[in-house]
Amino acid sequence: MGSIYLIRHGQASFGAANYDVLSDVGVQQAEHLGTYLSDLELTFDRAVSGQLQRQKHTGNAALAQQAQRGLRIPELECDAAFDEFDADQVIRTYLPELLKREPGALEVLQNAAQQRGAFQRLFVQVIEMWLADNEPRAGFERWQDFLSRVEQGLARLLERAEKGENIAVFTSGGTITAALHLITGISANHAFELNWQIVNTSVSRLRFRGGRMTLASFNSHSHLELLKNPDLITYR
């Protein structure tokens, strides 16, 4: 059997003008991952990332650590199927409805970095609206559209995969959540309950044979736990 390793990007710049940039902690997380994988002598036949900067940076930083230790590394490919859903667009779409429920929501959203707990509570509500919404909207990626995109990306991986290959996919929490839903059959809402637990640079492993995939492990972050530094275990 072969393996697909779904790797969440390192900590991004939550609350900054450009979220799509790894923080200093995010870079460290990616480098520690590469070092850990090298110690395990786990190398990849292919490496793929989404198009987002934080995803590509995580992949390149982790693979660079392997290259420094003399291990063979593949060139990092890009596939937009593994991009995260556009959270800002989703929030804007459901903000009018959210404000009916939560009149103070706008102030929280504008100061999310200073009110992380309140932001998370509101974001959960927004995601629930998104999951339940089947109405087509021009220029808007519904949950079902996002799910189809991820499914097509996984199918492309399998189409090109050779028997027994190890494939790394540097991606995001939402993409991993969609994959969990597709592969295990758990509900979308349950999958997102797991989403909130996905650690930056954690590894979830899928095993494949032919066109079939199974979940072998979820949210492994031993490379961070072994460092015994709680500041390196982050969720955004």
# chains A, B, ... in the order shown; residues from 1 in each chain; ligands from 1
$ select_by_dssp --residues "segment 63-159 of chain A" --states "helix (DSSP H, G or I)" --output "PyMOL selection string"
chain A and resi 63-68+80-82+87-101+105-110+112-114+116-132+143-159
$ select_by_dssp --residues "segment 16-208 of chain A" --states "strand (DSSP E or B)" --output "NGL selection string"
:A and (22 or 46-49 or 76-78 or 166-171 or 203-208)
$ write_last_selection --atoms "all heavy atoms" --output "short mmCIF file (atom, residue, chain, number, x, y, z; two decimals), in the first residue's frame"
data_model
loop_
_atom_site.label_atom_id
_atom_site.label_comp_id
_atom_site.auth_asym_id
_atom_site.auth_seq_id
_atom_site.Cartn_x
_atom_site.Cartn_y
_atom_site.Cartn_z
N LEU A 22 3.74 32.67 6.90
CA LEU A 22 4.10 31.95 8.12
C LEU A 22 4.69 32.90 9.15
O LEU A 22 5.50 33.78 8.83
CB LEU A 22 5.13 30.86 7.82
CG LEU A 22 4.67 29.64 7.01
CD1 LEU A 22 5.79 28.60 6.99
CD2 LEU A 22 3.39 29.04 7.56
N ARG A 46 6.73 11.96 -4.07
CA ARG A 46 6.17 13.20 -4.63
C ARG A 46 5.82 14.12 -3.47
O ARG A 46 5.50 13.66 -2.37
CB ARG A 46 4.90 12.93 -5.44
CG ARG A 46 5.11 12.22 -6.76
CD ARG A 46 3.77 12.04 -7.46
NE ARG A 46 3.15 13.31 -7.77
CZ ARG A 46 1.84 13.46 -8.05
NH1 ARG A 46 1.03 12.41 -8.00
NH2 ARG A 46 1.35 14.65 -8.34
N ALA A 47 5.84 15.42 -3.75
CA ALA A 47 5.41 16.41 -2.76
C ALA A 47 4.56 17.44 -3.49
O ALA A 47 4.97 17.97 -4.53
CB ALA A 47 6.60 17.08 -2.09
N VAL A 48 3.39 17.70 -2.95
CA VAL A 48 2.42 18.60 -3.57
C VAL A 48 1.96 19.59 -2.52
O VAL A 48 1.87 19.26 -1.33
CB VAL A 48 1.19 17.80 -4.10
CG1 VAL A 48 0.20 18.72 -4.79
CG2 VAL A 48 1.64 16.68 -5.03
N SER A 49 1.68 20.81 -2.94
CA SER A 49 1.07 21.78 -2.03
C SER A 49 -0.04 22.51 -2.77
O SER A 49 -0.13 22.45 -4.01
CB SER A 49 2.09 22.81 -1.51
OG SER A 49 2.29 23.85 -2.44
N LEU A 76 8.69 20.38 -5.31
CA LEU A 76 7.35 20.67 -4.79
C LEU A 76 6.45 21.10 -5.94
O LEU A 76 6.69 22.11 -6.60
CB LEU A 76 7.42 21.75 -3.72
CG LEU A 76 6.11 22.05 -2.99
CD1 LEU A 76 5.65 20.85 -2.16
CD2 LEU A 76 6.27 23.28 -2.08
N GLU A 77 5.38 20.32 -6.16
CA GLU A 77 4.39 20.65 -7.17
C GLU A 77 3.26 21.45 -6.53
O GLU A 77 3.08 21.41 -5.31
CB GLU A 77 3.80 19.36 -7.77
CG GLU A 77 4.82 18.34 -8.24
CD GLU A 77 4.18 16.99 -8.48
OE1 GLU A 77 3.00 16.94 -8.91
OE2 GLU A 77 4.84 15.97 -8.23
N CYS A 78 2.47 22.14 -7.35
CA CYS A 78 1.33 22.89 -6.84
C CYS A 78 0.04 22.41 -7.50
O CYS A 78 0.01 22.15 -8.70
CB CYS A 78 1.50 24.39 -7.09
SG CYS A 78 2.66 25.20 -5.99
N ASN A 166 5.11 7.12 -1.35
CA ASN A 166 4.83 8.07 -0.27
C ASN A 166 4.65 9.45 -0.90
O ASN A 166 5.55 9.94 -1.60
CB ASN A 166 5.97 8.13 0.73
CG ASN A 166 6.04 6.89 1.61
OD1 ASN A 166 5.03 6.26 1.87
ND2 ASN A 166 7.24 6.55 2.05
N ILE A 167 3.50 10.06 -0.65
CA ILE A 167 3.18 11.36 -1.24
C ILE A 167 2.86 12.34 -0.12
O ILE A 167 2.01 12.08 0.72
CB ILE A 167 1.98 11.26 -2.19
CG1 ILE A 167 2.24 10.21 -3.28
CG2 ILE A 167 1.67 12.62 -2.81
CD1 ILE A 167 1.02 9.87 -4.11
N ALA A 168 3.56 13.46 -0.09
CA ALA A 168 3.29 14.52 0.88
C ALA A 168 2.38 15.56 0.23
O ALA A 168 2.59 15.96 -0.91
CB ALA A 168 4.58 15.19 1.33
N VAL A 169 1.38 16.01 0.98
CA VAL A 169 0.50 17.08 0.53
C VAL A 169 0.50 18.15 1.62
O VAL A 169 -0.01 17.93 2.72
CB VAL A 169 -0.93 16.59 0.27
CG1 VAL A 169 -1.82 17.76 -0.16
CG2 VAL A 169 -0.94 15.49 -0.80
N PHE A 170 1.09 19.29 1.32
CA PHE A 170 1.15 20.41 2.26
C PHE A 170 -0.07 21.28 2.00
O PHE A 170 -0.20 21.90 0.95
CB PHE A 170 2.45 21.19 2.08
CG PHE A 170 3.67 20.38 2.40
CD1 PHE A 170 4.34 19.67 1.42
CD2 PHE A 170 4.13 20.29 3.71
CE1 PHE A 170 5.46 18.89 1.72
CE2 PHE A 170 5.25 19.52 4.04
CZ PHE A 170 5.91 18.82 3.02
N THR A 171 -0.97 21.33 2.97
CA THR A 171 -2.28 21.91 2.73
C THR A 171 -2.78 22.63 3.98
O THR A 171 -1.96 23.14 4.76
CB THR A 171 -3.25 20.82 2.23
OG1 THR A 171 -4.49 21.41 1.90
CG2 THR A 171 -3.42 19.70 3.25
N VAL A 203 0.39 15.87 10.95
CA VAL A 203 0.39 14.94 9.82
C VAL A 203 -0.78 13.96 9.98
O VAL A 203 -0.90 13.30 11.01
CB VAL A 203 1.71 14.16 9.74
CG1 VAL A 203 1.70 13.21 8.53
CG2 VAL A 203 2.90 15.11 9.65
N SER A 204 -1.61 13.88 8.95
CA SER A 204 -2.66 12.87 8.90
C SER A 204 -2.35 11.96 7.71
O SER A 204 -2.11 12.43 6.60
CB SER A 204 -4.03 13.52 8.73
OG SER A 204 -4.35 14.32 9.86
N ARG A 205 -2.35 10.67 7.96
CA ARG A 205 -1.89 9.71 6.95
C ARG A 205 -3.05 8.93 6.35
O ARG A 205 -3.88 8.39 7.06
CB ARG A 205 -0.90 8.74 7.58
CG ARG A 205 -0.27 7.76 6.62
CD ARG A 205 0.63 6.80 7.38
NE ARG A 205 1.36 5.89 6.50
CZ ARG A 205 2.08 4.86 6.94
NH1 ARG A 205 2.17 4.62 8.24
NH2 ARG A 205 2.71 4.08 6.08
N LEU A 206 -3.09 8.91 5.02
CA LEU A 206 -4.04 8.09 4.28
C LEU A 206 -3.28 6.94 3.63
O LEU A 206 -2.20 7.15 3.07
CB LEU A 206 -4.74 8.91 3.18
CG LEU A 206 -5.35 10.25 3.59
CD1 LEU A 206 -5.95 10.93 2.37
CD2 LEU A 206 -6.39 10.08 4.68
N ARG A 207 -3.80 5.74 3.73
CA ARG A 207 -3.22 4.60 3.00
C ARG A 207 -4.07 4.35 1.76
O ARG A 207 -5.29 4.48 1.81
CB ARG A 207 -3.21 3.35 3.88
CG ARG A 207 -2.41 3.48 5.17
CD ARG A 207 -0.93 3.69 4.94
NE ARG A 207 -0.31 2.62 4.18
CZ ARG A 207 0.16 1.49 4.69
NH1 ARG A 207 0.05 1.26 6.00
NH2 ARG A 207 0.74 0.58 3.92
N PHE A 208 -3.41 4.02 0.65
CA PHE A 208 -4.16 3.76 -0.57
C PHE A 208 -3.67 2.51 -1.27
O PHE A 208 -2.51 2.14 -1.19
CB PHE A 208 -4.09 4.97 -1.52
CG PHE A 208 -2.73 5.22 -2.12
CD1 PHE A 208 -2.33 4.56 -3.29
CD2 PHE A 208 -1.85 6.13 -1.54
CE1 PHE A 208 -1.09 4.81 -3.85
CE2 PHE A 208 -0.61 6.38 -2.10
CZ PHE A 208 -0.22 5.71 -3.26
#
$ residues_around --residues "segment 83-96 of chain A" --least-positions-apart "4" --cutoff "10 Å" --atoms "only C-alpha atoms" --output "number ranges by chain"
A: 49-53, 55, 78-79, 100-103, 105-106, 109, 122-123, 125-127, 129-130, 137, 139-143, 145-147, 149-150, 170-176
$ write_last_selection --atoms "N, CA, C and O atoms" --output "compact mmCIF listing (two decimals), in the first residue's frame"
# COMPACT_ATOMS: atom_id res chain seq x y z
N SER A 49 1.68 20.81 -2.94
CA SER A 49 1.07 21.78 -2.03
C SER A 49 -0.04 22.51 -2.77
O SER A 49 -0.13 22.45 -4.01
N GLY A 50 -0.89 23.17 -2.00
CA GLY A 50 -1.80 24.12 -2.61
C GLY A 50 -1.01 25.32 -3.11
O GLY A 50 0.22 25.36 -3.02
N GLN A 51 -1.71 26.30 -3.62
CA GLN A 51 -1.04 27.49 -4.18
C GLN A 51 -0.78 28.58 -3.16
O GLN A 51 -0.13 29.57 -3.47
N LEU A 52 -1.29 28.42 -1.95
CA LEU A 52 -1.17 29.47 -0.95
C LEU A 52 0.26 29.55 -0.43
O LEU A 52 0.94 28.53 -0.28
N GLN A 53 0.68 30.77 -0.12
CA GLN A 53 2.07 30.99 0.30
C GLN A 53 2.42 30.19 1.54
O GLN A 53 3.50 29.60 1.64
N GLN A 55 1.25 27.41 2.57
CA GLN A 55 1.36 25.98 2.26
C GLN A 55 2.70 25.69 1.58
O GLN A 55 3.41 24.74 1.95
N CYS A 78 2.47 22.14 -7.35
CA CYS A 78 1.33 22.89 -6.84
C CYS A 78 0.04 22.41 -7.50
O CYS A 78 0.01 22.15 -8.70
N ASP A 79 -0.99 22.29 -6.70
CA ASP A 79 -2.32 21.93 -7.20
C ASP A 79 -3.33 22.72 -6.38
O ASP A 79 -3.45 22.56 -5.17
N LYS A 100 -27.57 39.43 12.91
CA LYS A 100 -28.91 39.31 13.49
C LYS A 100 -28.85 38.54 14.81
O LYS A 100 -29.59 38.83 15.75
N ARG A 101 -27.96 37.54 14.84
CA ARG A 101 -27.83 36.72 16.04
C ARG A 101 -26.89 37.36 17.06
O ARG A 101 -27.08 37.23 18.27
N GLU A 102 -25.84 37.98 16.53
CA GLU A 102 -24.75 38.49 17.37
C GLU A 102 -24.46 39.94 16.98
O GLU A 102 -23.60 40.22 16.14
N PRO A 103 -25.16 40.92 17.56
CA PRO A 103 -24.99 42.32 17.17
C PRO A 103 -23.56 42.83 17.32
O PRO A 103 -23.15 43.75 16.62
N ALA A 105 -20.84 41.18 16.63
CA ALA A 105 -19.93 40.33 15.86
C ALA A 105 -18.90 41.12 15.08
O ALA A 105 -17.73 40.72 14.99
N LEU A 106 -19.30 42.23 14.51
CA LEU A 106 -18.38 42.99 13.65
C LEU A 106 -17.16 43.46 14.43
O LEU A 106 -16.02 43.39 13.95
N LEU A 109 -14.86 40.50 14.93
CA LEU A 109 -14.19 40.10 13.69
C LEU A 109 -13.08 41.08 13.31
O LEU A 109 -12.05 40.70 12.76
N LEU A 122 -17.80 32.71 17.04
CA LEU A 122 -18.54 33.25 15.90
C LEU A 122 -18.22 32.49 14.62
O LEU A 122 -19.11 32.22 13.80
N PHE A 123 -16.95 32.10 14.46
CA PHE A 123 -16.55 31.40 13.25
C PHE A 123 -17.23 30.04 13.16
O PHE A 123 -17.60 29.59 12.07
N GLN A 125 -20.22 29.39 14.16
CA GLN A 125 -21.56 29.67 13.66
C GLN A 125 -21.56 29.91 12.16
O GLN A 125 -22.45 29.44 11.43
N VAL A 126 -20.56 30.64 11.68
CA VAL A 126 -20.46 30.92 10.25
C VAL A 126 -20.27 29.62 9.46
O VAL A 126 -20.91 29.40 8.43
N ILE A 127 -19.41 28.76 9.96
CA ILE A 127 -19.17 27.48 9.28
C ILE A 127 -20.44 26.64 9.25
O ILE A 127 -20.75 25.99 8.24
N MET A 129 -23.46 27.73 9.07
CA MET A 129 -24.29 28.30 8.01
C MET A 129 -23.80 27.85 6.64
O MET A 129 -24.59 27.50 5.75
N TRP A 130 -22.48 27.86 6.47
CA TRP A 130 -21.88 27.47 5.19
C TRP A 130 -22.19 26.01 4.86
O TRP A 130 -22.56 25.68 3.72
N ARG A 137 -24.41 30.47 -5.62
CA ARG A 137 -24.10 31.91 -5.58
C ARG A 137 -22.96 32.16 -6.55
O ARG A 137 -21.94 31.48 -6.48
N GLY A 139 -19.70 33.18 -8.12
CA GLY A 139 -18.40 33.55 -7.58
C GLY A 139 -18.15 33.12 -6.16
O GLY A 139 -17.19 33.56 -5.53
N PHE A 140 -18.99 32.23 -5.64
CA PHE A 140 -18.88 31.80 -4.24
C PHE A 140 -18.73 30.29 -4.19
O PHE A 140 -19.51 29.56 -4.80
N GLU A 141 -17.73 29.81 -3.46
CA GLU A 141 -17.50 28.38 -3.33
C GLU A 141 -18.27 27.85 -2.13
O GLU A 141 -17.90 28.07 -0.98
N ARG A 142 -19.34 27.12 -2.42
CA ARG A 142 -20.12 26.48 -1.36
C ARG A 142 -19.32 25.32 -0.78
O ARG A 142 -18.33 24.86 -1.36
N TRP A 143 -19.76 24.81 0.34
CA TRP A 143 -19.12 23.63 0.94
C TRP A 143 -19.07 22.48 -0.06
O TRP A 143 -18.04 21.83 -0.22
N ASP A 145 -19.05 22.61 -3.26
CA ASP A 145 -18.06 22.93 -4.31
C ASP A 145 -16.65 22.67 -3.80
O ASP A 145 -15.80 22.12 -4.51
N PHE A 146 -16.39 23.10 -2.58
CA PHE A 146 -15.08 22.89 -1.97
C PHE A 146 -14.79 21.40 -1.84
O PHE A 146 -13.70 20.92 -2.16
N LEU A 147 -15.79 20.66 -1.39
CA LEU A 147 -15.65 19.23 -1.22
C LEU A 147 -15.30 18.55 -2.56
O LEU A 147 -14.42 17.69 -2.63
N ARG A 149 -13.84 19.92 -5.10
CA ARG A 149 -12.48 20.32 -5.48
C ARG A 149 -11.44 19.43 -4.81
O ARG A 149 -10.50 18.96 -5.45
N VAL A 150 -11.61 19.22 -3.51
CA VAL A 150 -10.67 18.37 -2.77
C VAL A 150 -10.74 16.93 -3.29
O VAL A 150 -9.70 16.27 -3.47
N PHE A 170 1.09 19.29 1.32
CA PHE A 170 1.15 20.41 2.26
C PHE A 170 -0.07 21.28 2.00
O PHE A 170 -0.20 21.90 0.95
N THR A 171 -0.97 21.33 2.97
CA THR A 171 -2.28 21.91 2.73
C THR A 171 -2.78 22.63 3.98
O THR A 171 -1.96 23.14 4.76
N SER A 172 -4.08 22.67 4.18
CA SER A 172 -4.69 23.44 5.27
C SER A 172 -5.73 22.62 6.01
O SER A 172 -6.15 21.55 5.54
N GLY A 173 -6.17 23.16 7.14
CA GLY A 173 -7.09 22.44 7.99
C GLY A 173 -8.42 22.11 7.33
O GLY A 173 -8.96 21.02 7.50
N GLY A 174 -8.96 23.06 6.56
CA GLY A 174 -10.23 22.81 5.90
C GLY A 174 -10.14 21.70 4.87
O GLY A 174 -11.06 20.88 4.73
N THR A 175 -9.03 21.67 4.15
CA THR A 175 -8.82 20.62 3.15
C THR A 175 -8.73 19.26 3.81
O THR A 175 -9.29 18.27 3.32
N ILE A 176 -8.00 19.18 4.91
CA ILE A 176 -7.89 17.93 5.65
C ILE A 176 -9.26 17.51 6.18
O ILE A 176 -9.63 16.32 6.15
$ closest_residue --among "A:Ala80, A:Met1, A:Ala30, A:Leu40" --to "Gln65 of chain A" --atoms "only C-alpha atoms"
A:Ala30
$ atom_distance --atom1 "atom CA of Gly70 of chain A" --atom2 "atom CA of Glu31 of chain A"
15.2 Å
$ closest_residue --among "A:Gln28, A:Glu159, A:Phe119, A:Arg54" --to "Asn229 of chain A" --atoms "only C-alpha atoms"
A:Gln28
$ residues_around --residues "segment 209-226 of chain A" --least-positions-apart "5" --cutoff "10 Å" --atoms "only C-alpha atoms" --output "number ranges by chain"
A: 1-8, 28-37, 154-155, 157-159, 161-164, 176, 179-180, 182-184, 194-195, 197-204, 231-234
